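Visitor: One file is attached below, structure.tsv, containing TSV, C-alpha atoms.
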chain	number	residue	atom	x	y	z
A	1	MET	CA	41.10	-20.06	-62.95
A	2	GLU	CA	39.85	-22.83	-60.67
A	3	ILE	CA	43.41	-24.02	-60.08
A	4	ARG	CA	44.44	-20.49	-58.97
A	5	LYS	CA	41.58	-20.33	-56.45
A	6	LEU	CA	42.49	-23.75	-55.16
A	7	LYS	CA	46.13	-22.68	-54.67
A	8	LYS	CA	45.05	-19.60	-52.70
A	9	LYS	CA	42.79	-21.67	-50.48
A	10	LEU	CA	45.55	-24.21	-49.79
A	11	LEU	CA	48.00	-21.38	-49.00
A	12	LYS	CA	45.61	-19.82	-46.47
A	13	GLU	CA	45.06	-23.15	-44.76
A	14	GLU	CA	48.82	-23.72	-44.56
A	15	GLN	CA	49.33	-20.28	-42.99
A	16	ARG	CA	46.53	-20.92	-40.47
A	17	HIS	CA	48.04	-24.31	-39.61
A	18	ARG	CA	51.47	-22.74	-39.02
A	19	ARG	CA	50.01	-20.04	-36.74
A	20	ARG	CA	48.30	-22.67	-34.62
A	21	LYS	CA	51.60	-24.49	-34.20
A	22	SER	CA	53.47	-21.35	-33.24
A	23	LYS	CA	54.49	-20.87	-29.58
A	24	ALA	CA	52.81	-17.45	-29.34
A	25	TYR	CA	49.51	-18.87	-30.52
A	26	ARG	CA	49.70	-21.72	-28.01
A	27	LEU	CA	50.48	-19.29	-25.21
A	28	LEU	CA	47.62	-17.04	-26.23
A	29	ARG	CA	45.18	-19.92	-26.20
A	30	ARG	CA	46.30	-20.88	-22.73
A	31	ALA	CA	46.15	-17.27	-21.53
A	32	ILE	CA	42.62	-16.52	-22.72
A	33	PRO	CA	40.81	-18.59	-20.01
A	34	ALA	CA	43.04	-17.07	-17.34
A	35	LEU	CA	42.32	-13.59	-18.64
A	36	LEU	CA	38.58	-14.31	-18.60
A	37	ILE	CA	38.84	-15.57	-15.01
A	38	LEU	CA	40.72	-12.44	-14.01
A	39	LEU	CA	38.13	-10.20	-15.68
A	40	LEU	CA	35.25	-12.01	-14.00
A	41	ALA	CA	37.02	-11.97	-10.67
A	42	GLY	CA	37.75	-8.29	-11.07
A	43	GLY	CA	34.10	-7.59	-11.84
A	44	ALA	CA	32.93	-9.65	-8.88
A	45	TRP	CA	35.42	-7.89	-6.61
A	46	GLU	CA	34.22	-4.48	-7.82
A	47	LEU	CA	30.60	-5.51	-7.22
A	48	TYR	CA	31.50	-6.84	-3.75
A	49	ARG	CA	33.42	-3.67	-2.95
A	50	ARG	CA	30.55	-1.45	-4.14
A	51	GLU	CA	27.93	-3.40	-2.19
A	52	GLY	CA	30.12	-3.29	0.91
A	53	ARG	CA	30.49	0.46	0.56
A	54	ASP	CA	26.72	0.89	0.11
A	55	LEU	CA	26.03	-1.25	3.18
A	56	LYS	CA	28.39	0.89	5.24
A	57	TYR	CA	26.69	4.02	3.89
A	58	TYR	CA	23.28	2.62	4.83
A	59	ALA	CA	24.55	1.56	8.26
A	60	ARG	CA	25.75	5.11	8.93
A	61	ALA	CA	22.35	6.51	8.04
A	62	GLU	CA	20.67	3.90	10.24
A	63	GLU	CA	22.92	4.79	13.17
A	64	GLN	CA	21.97	8.45	12.83
A	65	GLN	CA	18.30	7.54	12.76
A	66	LEU	CA	18.54	5.35	15.86
A	67	ALA	CA	20.41	8.15	17.65
A	68	GLY	CA	17.56	10.55	16.91
A	69	ARG	CA	19.57	12.65	14.45
A	70	TYR	CA	16.83	12.50	11.87
A	71	GLN	CA	17.99	15.41	9.72
A	72	GLU	CA	21.37	13.77	9.15
A	73	ALA	CA	19.81	10.34	8.67
A	74	ALA	CA	17.43	11.71	6.04
A	75	ARG	CA	20.33	13.41	4.25
A	76	LEU	CA	22.32	10.17	4.14
A	77	TYR	CA	19.41	8.04	2.96
A	78	LYS	CA	18.67	10.53	0.20
A	79	LYS	CA	22.35	10.75	-0.78
A	80	LEU	CA	22.69	6.96	-0.94
A	81	GLN	CA	19.73	6.58	-3.28
A	82	ARG	CA	20.73	9.46	-5.54
A	83	ARG	CA	24.40	8.53	-5.88
A	84	HIS	CA	23.92	4.78	-6.00
A	85	PRO	CA	20.43	4.09	-7.42
A	86	ALA	CA	21.43	0.51	-8.32
A	87	SER	CA	22.42	-0.30	-4.74
A	88	PRO	CA	20.49	-3.21	-3.16
A	89	LYS	CA	19.72	-0.79	-0.31
A	90	ALA	CA	18.41	2.06	-2.49
A	91	ASP	CA	14.74	1.08	-2.15
A	92	GLU	CA	15.06	0.72	1.63
A	93	ALA	CA	16.81	4.09	1.80
A	94	LEU	CA	13.85	5.74	0.06
A	95	TYR	CA	11.40	4.00	2.37
A	96	ARG	CA	13.32	5.10	5.48
A	97	LEU	CA	13.48	8.62	4.06
A	98	GLY	CA	9.71	8.61	3.62
A	99	GLN	CA	9.20	7.36	7.18
A	100	ILE	CA	11.38	10.09	8.68
A	101	ARG	CA	9.60	12.79	6.70
A	102	GLN	CA	6.23	11.35	7.69
A	103	LEU	CA	6.73	10.50	11.35
A	104	GLN	CA	9.44	12.85	12.57
A	105	PHE	CA	9.10	15.94	10.37
A	106	LYS	CA	5.33	15.68	9.65
A	107	SER	CA	6.24	16.80	6.13
A	108	TYR	CA	3.57	14.77	4.37
A	109	PRO	CA	4.00	16.00	0.76
A	110	GLU	CA	7.74	15.27	0.92
A	111	ALA	CA	7.07	11.86	2.47
A	112	ILE	CA	4.66	11.12	-0.37
A	113	LEU	CA	7.36	12.11	-2.87
A	114	ALA	CA	9.82	9.62	-1.35
A	115	TYR	CA	7.27	6.80	-1.28
A	116	LEU	CA	6.13	7.43	-4.86
A	117	SER	CA	9.75	7.56	-6.04
A	118	LEU	CA	10.27	4.14	-4.49
A	119	GLU	CA	7.21	2.69	-6.22
A	120	LYS	CA	8.19	4.26	-9.57
A	121	ASP	CA	11.92	3.47	-9.58
A	122	TYR	CA	11.74	0.07	-7.87
A	123	PRO	CA	8.32	-1.36	-8.83
A	124	HIS	CA	9.41	-4.93	-8.01
A	125	SER	CA	10.72	-4.09	-4.56
A	126	PRO	CA	8.89	-5.83	-1.69
A	127	LEU	CA	8.52	-2.34	-0.19
A	128	ALA	CA	6.73	-0.85	-3.23
A	129	GLY	CA	3.26	-1.96	-2.15
A	130	GLU	CA	3.76	-0.74	1.41
A	131	ALA	CA	5.00	2.60	0.07
A	132	LEU	CA	1.78	2.98	-1.96
A	133	ARG	CA	-0.26	2.13	1.13
A	134	GLN	CA	1.51	4.86	3.09
A	135	VAL	CA	0.79	7.38	0.30
A	136	ALA	CA	-2.90	6.49	0.23
A	137	ASP	CA	-3.19	6.70	4.03
A	138	LEU	CA	-1.42	10.06	4.08
A	139	TYR	CA	-3.74	11.50	1.44
A	140	LYS	CA	-6.79	10.17	3.31
A	141	ASN	CA	-5.97	10.69	6.97
A	142	GLN	CA	-3.54	13.62	7.02
A	143	LEU	CA	-4.19	15.72	3.92
A	144	LEU	CA	-7.91	14.78	3.71
A	145	ASP	CA	-7.51	14.56	-0.06
A	146	TYR	CA	-10.02	11.77	-0.61
A	147	PRO	CA	-10.05	11.80	-4.45
A	148	ARG	CA	-6.27	11.27	-4.60
A	149	ALA	CA	-6.46	8.66	-1.85
A	150	ILE	CA	-9.02	6.73	-3.91
A	151	VAL	CA	-6.69	6.76	-6.94
A	152	ILE	CA	-3.79	5.35	-4.92
A	153	TYR	CA	-5.90	2.75	-3.11
A	154	GLN	CA	-7.22	1.60	-6.50
A	155	LYS	CA	-3.66	1.39	-7.84
A	156	LEU	CA	-2.76	-0.71	-4.83
A	157	LEU	CA	-5.66	-3.04	-5.58
A	158	ASP	CA	-4.67	-3.30	-9.25
A	159	ARG	CA	-1.06	-4.25	-8.46
A	160	GLY	CA	-2.22	-6.91	-6.00
A	161	THR	CA	-2.21	-6.93	-2.20
A	162	THR	CA	-2.81	-9.47	0.53
A	163	GLU	CA	-5.16	-6.97	2.25
A	164	ALA	CA	-7.48	-6.34	-0.69
A	165	ASP	CA	-10.61	-6.29	1.51
A	166	ALA	CA	-9.09	-3.63	3.79
A	167	VAL	CA	-8.07	-1.52	0.80
A	168	GLN	CA	-11.56	-1.87	-0.70
A	169	TYR	CA	-12.95	-0.68	2.64
A	170	GLN	CA	-10.78	2.44	2.51
A	171	ILE	CA	-12.07	3.25	-0.98
A	172	ALA	CA	-15.66	2.94	0.22
A	173	ASP	CA	-14.92	5.09	3.27
A	174	CYS	CA	-13.37	7.80	1.09
A	175	TYR	CA	-16.52	7.99	-1.03
A	176	PHE	CA	-18.60	8.13	2.16
A	177	ARG	CA	-16.53	11.05	3.45
A	178	LEU	CA	-17.06	12.80	0.11
A	179	ASN	CA	-20.82	12.42	0.73
A	180	ASN	CA	-21.00	10.29	-2.40
A	181	PHE	CA	-23.26	7.81	-0.67
A	182	GLU	CA	-24.32	6.05	-3.85
A	183	GLN	CA	-20.74	5.13	-4.79
A	184	ALA	CA	-19.91	4.30	-1.17
A	185	ARG	CA	-22.84	1.88	-1.18
A	186	ILE	CA	-21.55	0.24	-4.36
A	187	GLU	CA	-18.07	-0.15	-2.88
A	188	PHE	CA	-19.37	-1.61	0.40
A	189	GLU	CA	-21.62	-4.04	-1.48
A	190	ASN	CA	-18.74	-5.08	-3.76
A	191	LEU	CA	-16.56	-5.69	-0.72
A	192	LEU	CA	-19.10	-8.08	0.81
A	193	LYS	CA	-19.60	-9.77	-2.57
A	194	ASN	CA	-15.93	-10.15	-3.49
A	195	TYR	CA	-14.65	-11.03	0.00
A	196	PRO	CA	-17.45	-12.97	1.72
A	197	GLU	CA	-15.06	-14.32	4.37
A	198	THR	CA	-13.62	-10.92	5.30
A	199	SER	CA	-13.04	-10.22	8.96
A	200	LEU	CA	-14.56	-6.79	8.30
A	201	GLY	CA	-18.01	-8.27	7.67
A	202	ALA	CA	-19.73	-6.82	10.75
A	203	GLU	CA	-18.27	-3.35	10.29
A	204	VAL	CA	-18.94	-3.22	6.54
A	205	SER	CA	-22.53	-4.42	6.96
A	206	TYR	CA	-23.10	-1.82	9.68
A	207	ARG	CA	-21.60	0.93	7.49
A	208	LEU	CA	-23.74	-0.18	4.57
A	209	ALA	CA	-26.87	-0.02	6.77
A	210	VAL	CA	-25.94	3.53	7.84
A	211	ASN	CA	-25.43	4.42	4.20
A	212	LEU	CA	-28.87	3.07	3.28
A	213	ALA	CA	-30.44	5.06	6.10
A	214	LEU	CA	-28.81	8.26	4.83
A	215	GLN	CA	-30.16	7.54	1.36
A	216	GLY	CA	-33.68	7.30	2.77
A	217	GLU	CA	-33.97	3.53	2.40
A	218	GLY	CA	-35.12	2.95	5.97
A	219	LYS	CA	-36.66	-0.48	5.46
A	220	LYS	CA	-33.48	-1.95	3.93
A	221	ALA	CA	-31.40	-0.24	6.60
A	222	ILE	CA	-33.47	-1.84	9.39
A	223	GLU	CA	-33.11	-5.28	7.77
A	224	LEU	CA	-29.34	-4.90	7.55
A	225	PHE	CA	-29.00	-3.51	11.09
A	226	THR	CA	-30.97	-6.53	12.32
A	227	GLN	CA	-28.72	-8.86	10.33
A	228	VAL	CA	-25.64	-7.38	12.00
A	229	GLU	CA	-27.16	-7.95	15.46
A	230	GLU	CA	-28.09	-11.54	14.66
A	231	ARG	CA	-25.00	-12.62	12.73
A	232	TRP	CA	-22.37	-10.93	14.90
A	233	PRO	CA	-23.97	-10.67	18.37
A	234	GLU	CA	-20.59	-10.43	20.15
A	235	SER	CA	-19.29	-7.67	17.88
A	236	PRO	CA	-19.33	-4.06	19.11
A	237	TYR	CA	-21.16	-3.30	15.86
A	238	ALA	CA	-24.15	-5.32	17.10
A	239	VAL	CA	-24.73	-2.68	19.78
A	240	GLU	CA	-24.17	0.12	17.28
A	241	ALA	CA	-26.59	-1.58	14.87
A	242	ARG	CA	-29.33	-1.57	17.51
A	243	PHE	CA	-28.70	2.10	18.20
A	244	GLY	CA	-28.83	2.76	14.44
A	245	ARG	CA	-32.04	0.79	14.08
A	246	ALA	CA	-33.60	2.91	16.81
A	247	GLY	CA	-32.62	6.02	14.88
A	248	VAL	CA	-34.32	4.77	11.73
A	249	LEU	CA	-37.47	3.88	13.67
A	250	GLU	CA	-37.48	7.35	15.18
A	251	ASP	CA	-37.16	8.89	11.72
A	252	ARG	CA	-40.08	6.73	10.57
A	253	ASP	CA	-42.09	8.04	13.54
A	254	ASP	CA	-42.15	4.67	15.30
A	255	LEU	CA	-41.27	6.33	18.60
A	256	GLY	CA	-42.40	3.47	20.83
A	257	GLY	CA	-40.22	0.97	18.95
A	258	ALA	CA	-37.25	3.36	19.04
A	259	LEU	CA	-37.66	3.91	22.80
A	260	ARG	CA	-37.76	0.15	23.52
A	261	LEU	CA	-34.53	-0.40	21.61
A	262	LEU	CA	-32.81	2.52	23.32
A	263	GLU	CA	-33.94	1.47	26.79
A	264	GLY	CA	-32.59	-2.02	26.07
A	265	LEU	CA	-29.15	-0.53	25.44
A	266	ARG	CA	-28.74	0.79	28.98
A	267	GLY	CA	-25.54	-0.61	30.44
A	268	SER	CA	-24.21	-1.90	27.14
A	269	TYR	CA	-23.96	1.16	24.90
A	270	PRO	CA	-20.40	2.58	25.15
A	271	ASN	CA	-21.46	6.24	25.26
A	272	GLY	CA	-23.92	6.43	28.10
A	273	GLU	CA	-24.38	10.21	27.85
A	274	ILE	CA	-25.39	10.08	24.20
A	275	LEU	CA	-27.80	7.23	24.94
A	276	LYS	CA	-29.35	9.22	27.78
A	277	GLN	CA	-29.86	12.23	25.49
A	278	ARG	CA	-31.49	10.10	22.77
A	279	ILE	CA	-33.86	8.46	25.25
A	280	SER	CA	-34.84	11.87	26.61
A	281	GLN	CA	-35.34	13.17	23.06
A	282	VAL	CA	-37.65	10.28	22.11
A	283	LYS	CA	-39.63	10.59	25.36
A	284	THR	CA	-40.11	14.30	24.71
A	285	ARG	CA	-41.40	13.58	21.21
A	286	ILE	CA	-43.78	10.92	22.54
A	287	LYS	CA	-45.08	13.33	25.20
A	288	LYS	CA	-45.65	16.08	22.63
A	289	LYS	CA	-47.34	13.66	20.30
A	290	THR	CA	-49.63	12.39	23.09
A	291	GLN	CA	-50.50	15.92	24.18
A	292	GLY	CA	-51.28	16.80	20.58
A	293	LEU	CA	-53.82	14.04	20.46
Would you mind writing the file out in structure tokens?
Guide:
Amino acid sequence: MEIRKLKKKLLKEEQRHRRRKSKAYRLLRRAIPALLILLLAGGAWELYRREGRDLKYYARAEEQQLAGRYQEAARLYKKLQRRHPASPKADEALYRLGQIRQLQFKSYPEAILAYLSLEKDYPHSPLAGEALRQVADLYKNQLLDYPRAIVIYQKLLDRGTTEADAVQYQIADCYFRLNNFEQARIEFENLLKNYPETSLGAEVSYRLAVNLALQGEGKKAIELFTQVEERWPESPYAVEARFGRAGVLEDRDDLGGALRLLEGLRGSYPNGEILKQRISQVKTRIKKKTQGL
């Protein structure tokens, strides 16, 4: 039995050896690398051809956009992305489509759709973050949909951005516009805590002081208004902080203190008419109060 198995094994090896010596086998072995090279070259050529075609397609759309034919440009950008979603220009096509819908057509919901499609389909694109920023700004500034804007700004923060302090500011401002002063205060405070070197320090501190005043925390508001004046004396918010401090003093019935601050703003406050009205208002209150005594 063992001898029979051994014979079969030897026979198979002999047949394999003969095949390897055959001319056809030798030719096949030589041909395989060449075939592989041809296949790879063919694939590379097809990829090169496809990318070249997509670039031409994108260039046509860009030409239409530069010529002011926005309807045709939008159609071509949309067509490029739909027909060739794997194109290296597909993400840019969606971004350009969003821009045209936003800036030329003022069709904000459709612009949002293009931007969100970019972020969803090409999350690693360098344009994905900017697309989200455009969506958030459209919700906030054009559609006045502050709750949705907050969601998108938060998503932008979570994915990472080089302008995290500015995005945090937008979240706080959205809550302020929703009259959710408590949450706005939290967001402003977190901004100052998390980004102590932010260039928005004067503005955020001023906004936080206004927020405190609206919440009835006059003493804290005055302290923060004063801090803005002292820490950023050259900032336009220093002048606004003094005007705000005068308003808090007026609310606390310190009319003399409010009047001194307002009088000191003559010539420096940007809205002279408003300043004149406030001074007149405080003087009238002081006169009435004096006459009442």
Visitor: Between A:Leu127, A:Cys174, A:Leu192, A:Leu259, single out the one closest to A:Thr161, counting all atoms listed in the file.
Guide: A:Leu127
Visitor: Please list, as a PyMOL selection string, the residues that have an atom at most 12 Å away from (12.0, 6.6, -5.1) in the coordinates of this file, counting all atoms listed in the file.
Guide: chain A and resi 77-82+85-86+89-98+110-123+125+127-128+131-132
Visitor: Using all atoms listed in the file, I'd like a table of the residues in stretch 161-198 of chain A that come within 10 Å of stretch 209-227 of chain A; for each, show the closest atom pair and its distance in Å rounded to one decimal, ordered by chain and ascending number, as a Markdown table.
Guide:
| residue | atom | partner | partner_atom | distance |
| --- | --- | --- | --- | --- |
| A:Phe176 | CA | A:Asn211 | CA | 8.0 |
| A:Asn179 | CA | A:Asn211 | CA | 9.9 |
| A:Asn180 | CA | A:Asn211 | CA | 9.9 |
| A:Phe181 | CA | A:Asn211 | CA | 6.3 |
| A:Glu182 | CA | A:Gln215 | CA | 8.0 |
| A:Ala184 | CA | A:Asn211 | CA | 7.7 |
| A:Arg185 | CA | A:Asn211 | CA | 6.5 |
| A:Phe188 | CA | A:Asn211 | CA | 9.4 |
Visitor: Measure the distance from atom CA of A:Tyr175 to atom CA of A:Arg133 in Å and round it to one decimal.
Guide: 17.4 Å
Visitor: Please, what distance in Å, to one decimal, runs between atom CA of A:Ile152 and atom CA of A:Arg177?
Guide: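 Atom CA of A:Arg177 lies at a distance of 16.3 Å from atom CA of A:Ile152.
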Visitor: Quick one: distance from atom CA of A:Ala136 to atom CA of A:Leu156 in Å, one decimal?
Guide: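 Rounded to one decimal, the two atoms are 8.8 Å apart.
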Visitor: Work out where the centre of an axis-aligned box around every listed atom of stretch 119-130 of chain A lies and how long its edges are once 5 Å is added on each side; give both in Å to one decimal as AutoDock Vina command-line options.
Guide:
--center_x 7.6 --center_y -0.8 --center_z -4.1 --size_x 18.7 --size_y 20.1 --size_z 21.0
Visitor: Would you be able to write out as a PyMOL selection string which residues have an atom within 12 Å of (20.2, 6.1, 10.5) in the file's coordinates, counting only C-alpha atoms?
Guide: chain A and resi 55-78+80+92-93+96-97+99-100
Visitor: Counting all atoms listed in the file, which residue out of A:Gln142, A:Leu191, A:Ala246, A:Lys155 sits closest to A:Gln168?
Guide: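 Of A:Gln142, A:Leu191, A:Ala246, A:Lys155, the one nearest A:Gln168 is A:Leu191, counting all atoms listed in the file.
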Visitor: Counting only C-alpha atoms, what is within 9 Å of stretch 263-275 of chain A, bar same-chain residues fewer than 2 positions away, as a list in words?
Guide: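 What passes the distance filter is Val239, Glu240, Arg242, Phe243, Ala258, Leu259, Arg260, Leu261, Gln277, Arg278, Ile279 and Ser280 of chain A.
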